[in-house]
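Q: Would you mind keeping the following structure in view while I ask a few things?
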Amino acid sequence: MDHKLLKSIIYDQHRIIRNFAISEREYEFDLNANYVVVGLRRAGKSTLLYKLARDLVAAGTDWNQIIYINFEDERLDGFTARDFNDILAVQAEMSDKRGWFFLDEIQIVSGWEKFARRMADAKEHTFITGSNAKMLSGEIEEHLGGRYLTKYVTPYSFREFLVAKGVEHGEEAVCSTKGAGAIRREFEEYLRYGGFPESLEHADRRGYVSSVYQKILLGDIASRNAIRNSEGLRLMVKKMAESVKDELSYSKLHSILRTIGISISKDSVIDYTGYVQSSYLVFAVRNYFSKFVDKESTPKYYFSDNGLLNLFLSEGESRLLENLAALTLRKRYGDDLYFLRSQNLDVDFFVAGTGTAYQVAWSASGSAASRETASLAACARSMEEAKRFVILTHDEEDTLTLDGIRIEIVPVWKWLLDG
């Protein structure tokens, strides 16, 4: 590898990092550890590393110790595993002090895992990002053997969204008429267009989200997995979006596609569903009561950003509300999140560790209130592990008691700021 070119790429990246507008995120790093930063494309992984690099410089690190390389840079086309050692050589030329290595989208280079292991074994400060199946946590553990911590990054949370837009959201703002009104106004935008950081810079936010989706669908999924039936893949994702809130087995999804004339095998449906999850486009929530095999095959699928889901919906406010609750709960509780479905129970979400059962409803008045509260009351009677009961609504707030069971009714916008 041409060392002059590598230096040019590193210095150009320094200029980008210095000038990049950075909003505060809810992530922290232990500087004594190495990290693999993973997540959905355009979720803000690189920006997190930009901030870390600037914080290091502010604390006394020299810029020549910052070795930031984005492997999507077209000047690195043809970069192979044999070229990794040149990065170390260039760092030694730039500074006689230890370097801080930021290797962005490193999975593009085949064989990256061996270099990452060598860096960790040599006690080099190393931070890696990636956006596809090769960077899933299971794969990371297999390839890196516990040498790196995994940091999963999502698009903006609602709090981060408000910070980026400069909207006050502390207790005083939430309790005041004007402050709460401003927060609710921003919530309506967040609910429909999601939290991709760069989308806030675009007047046509839906258009921006659509372009990200096309990159994920055609690049991260179709191209990298050599999918020939791109129309089948596209319609499968569309049907997954239309089925948010509902259990969706491989057989059911296969049947839906065949009904609309898509020639696709069930095995392909299984493969495509795995690819879609590997790209971080969607995630699965399992039934708490199901046997293991059913947990794997009959989950509910949700999208990792509401803006992505909204691309497929014409009138889908209730689906957007439930999807937002799902992705927020998953971010807070990870794999401890389930739904409850049995012969006698139907509850949207259950967090096993806290014993909290959640129903999501646009409104908790009238017949909707009876249905949601009855489900939570049944949950309380039949599950000793269920301790707290919450109905998340669009904009209603109350507390009621049913058969001695306390049920909280909380507007989602306020709940998003509490966690």
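Chain lettering (A, B, ...) mirrors the order of the structure tokens, residue numbering begins at 1 for each chain separately, and ligand numbering begins at 1 in order of display.
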Give me the stretch 324-380 of chain A side of the contact with stretch 241-255 of chain A, cut-off 10 Å, one line per residue showing its nearest atom pair and distance in Å at one decimal, counting only C-alpha atoms, sorted by chain and residue number, as a tab-separated table.
A:
residue	atom	partner	partner_atom	distance
A:Ala326	CA	A:Lys245	CA	9.6
A:Phe339	CA	A:Glu247	CA	9.8
A:Arg341	CA	A:Glu247	CA	9.4
A:Asp348	CA	A:Lys245	CA	7.9
A:Val360	CA	A:Lys245	CA	9.9
Q: Mind giving me the straight-line distance from atom CA of A:Gly145 to atom CA of A:Leu103 in Å, one decimal?
A: 18.5 Å
Q: Please return as an NGL selection string: the residues of stretch 27-267 of chain A that backbone DSSP assigns to strand (DSSP E or B).
A: :A and (35-39 or 66-70 or 100-104 or 125-130 or 149-153 or 247)
Q: Could you build a table of the residues in stretch 251-309 of chain A lying no more than 9 Å from stretch 36-43 of chain A, giving for each the nearest pair of atoms and their separation in Å rounded to one decimal place, using only C-alpha atoms, ordered by chain and ascending residue number, as a tab-separated table?
A:
residue	atom	partner	partner_atom	distance
A:Ser279	CA	A:Leu40	CA	6.7
A:Tyr280	CA	A:Leu40	CA	5.0
A:Leu281	CA	A:Leu40	CA	6.6
A:Ser304	CA	A:Leu40	CA	7.6
Q: So that I can see what lies close to A:Asp30, please list as a short mmCIF file (atom, residue, chain, number, x, y, z; two decimals) with all heavy atoms, in the first residue's frame the residues with an atom at most 12 Å from it, counting only C-alpha atoms and leaving out residues fewer than 6 positions away in the same chain.
A:
data_model
loop_
_atom_site.label_atom_id
_atom_site.label_comp_id
_atom_site.auth_asym_id
_atom_site.auth_seq_id
_atom_site.Cartn_x
_atom_site.Cartn_y
_atom_site.Cartn_z
N LEU A 52 -15.34 10.63 19.92
CA LEU A 52 -14.31 10.03 20.76
C LEU A 52 -12.93 10.55 20.38
O LEU A 52 -12.11 10.89 21.25
CB LEU A 52 -14.37 8.51 20.62
CG LEU A 52 -13.35 7.70 21.41
CD1 LEU A 52 -13.40 8.05 22.90
CD2 LEU A 52 -13.59 6.21 21.21
N HIS A 125 -4.92 0.53 20.94
CA HIS A 125 -6.26 1.10 21.12
C HIS A 125 -7.00 0.99 19.79
O HIS A 125 -6.65 1.67 18.82
CB HIS A 125 -6.16 2.57 21.53
CG HIS A 125 -5.41 2.81 22.80
ND1 HIS A 125 -5.78 2.26 24.00
CD2 HIS A 125 -4.30 3.56 23.05
CE1 HIS A 125 -4.95 2.66 24.95
NE2 HIS A 125 -4.04 3.44 24.40
N THR A 126 -8.04 0.17 19.72
CA THR A 126 -8.68 -0.11 18.45
C THR A 126 -10.20 -0.05 18.57
O THR A 126 -10.80 -0.65 19.46
CB THR A 126 -8.28 -1.51 17.93
OG1 THR A 126 -6.85 -1.65 17.99
CG2 THR A 126 -8.74 -1.71 16.50
N PHE A 127 -10.81 0.69 17.62
CA PHE A 127 -12.26 0.81 17.55
C PHE A 127 -12.69 0.49 16.12
O PHE A 127 -12.17 1.08 15.16
CB PHE A 127 -12.71 2.22 17.94
CG PHE A 127 -12.32 2.60 19.34
CD1 PHE A 127 -11.04 3.06 19.63
CD2 PHE A 127 -13.22 2.46 20.38
CE1 PHE A 127 -10.66 3.39 20.92
CE2 PHE A 127 -12.86 2.78 21.68
CZ PHE A 127 -11.58 3.25 21.95
N TYR A 148 -12.83 -7.87 22.14
CA TYR A 148 -13.51 -6.58 21.93
C TYR A 148 -14.86 -6.58 22.62
O TYR A 148 -15.56 -7.60 22.66
CB TYR A 148 -13.73 -6.33 20.43
CG TYR A 148 -12.48 -6.01 19.65
CD1 TYR A 148 -11.57 -7.01 19.32
CD2 TYR A 148 -12.21 -4.71 19.24
CE1 TYR A 148 -10.42 -6.73 18.60
CE2 TYR A 148 -11.06 -4.42 18.51
CZ TYR A 148 -10.16 -5.43 18.21
OH TYR A 148 -9.02 -5.14 17.49
N LEU A 149 -15.24 -5.41 23.14
CA LEU A 149 -16.61 -5.20 23.60
C LEU A 149 -17.46 -4.76 22.42
O LEU A 149 -16.98 -4.11 21.50
CB LEU A 149 -16.65 -4.13 24.69
CG LEU A 149 -15.82 -4.41 25.96
CD1 LEU A 149 -15.98 -3.25 26.93
CD2 LEU A 149 -16.23 -5.72 26.60
N THR A 150 -18.74 -5.13 22.45
CA THR A 150 -19.65 -4.77 21.37
C THR A 150 -20.53 -3.61 21.82
O THR A 150 -21.15 -3.65 22.90
CB THR A 150 -20.54 -5.96 20.98
OG1 THR A 150 -19.72 -7.05 20.60
CG2 THR A 150 -21.45 -5.59 19.81
N LYS A 151 -20.60 -2.58 21.00
CA LYS A 151 -21.48 -1.44 21.25
C LYS A 151 -22.49 -1.37 20.11
O LYS A 151 -22.12 -1.14 18.97
CB LYS A 151 -20.67 -0.15 21.34
CG LYS A 151 -21.50 1.07 21.70
CD LYS A 151 -21.81 1.11 23.19
CE LYS A 151 -20.59 1.42 24.03
NZ LYS A 151 -20.92 1.57 25.46
#
Q: Taking only C-alpha atoms into account, produce a table as JSON lines in which each residue of stretch 329-358 of chain A with an atom at most 6 Å from an atom of stretch 380-397 of chain A appears once, together with its shortest atom pair and the distance in Å to one decimal, ordered by chain and rising number.
A:
{"residue": "A:Gly355", "atom": "CA", "partner": "A:Ala386", "partner_atom": "CA", "distance": 4.5}
{"residue": "A:Thr356", "atom": "CA", "partner": "A:Arg388", "partner_atom": "CA", "distance": 4.6}
{"residue": "A:Ala357", "atom": "CA", "partner": "A:Phe389", "partner_atom": "CA", "distance": 5.0}
{"residue": "A:Tyr358", "atom": "CA", "partner": "A:Val390", "partner_atom": "CA", "distance": 4.9}
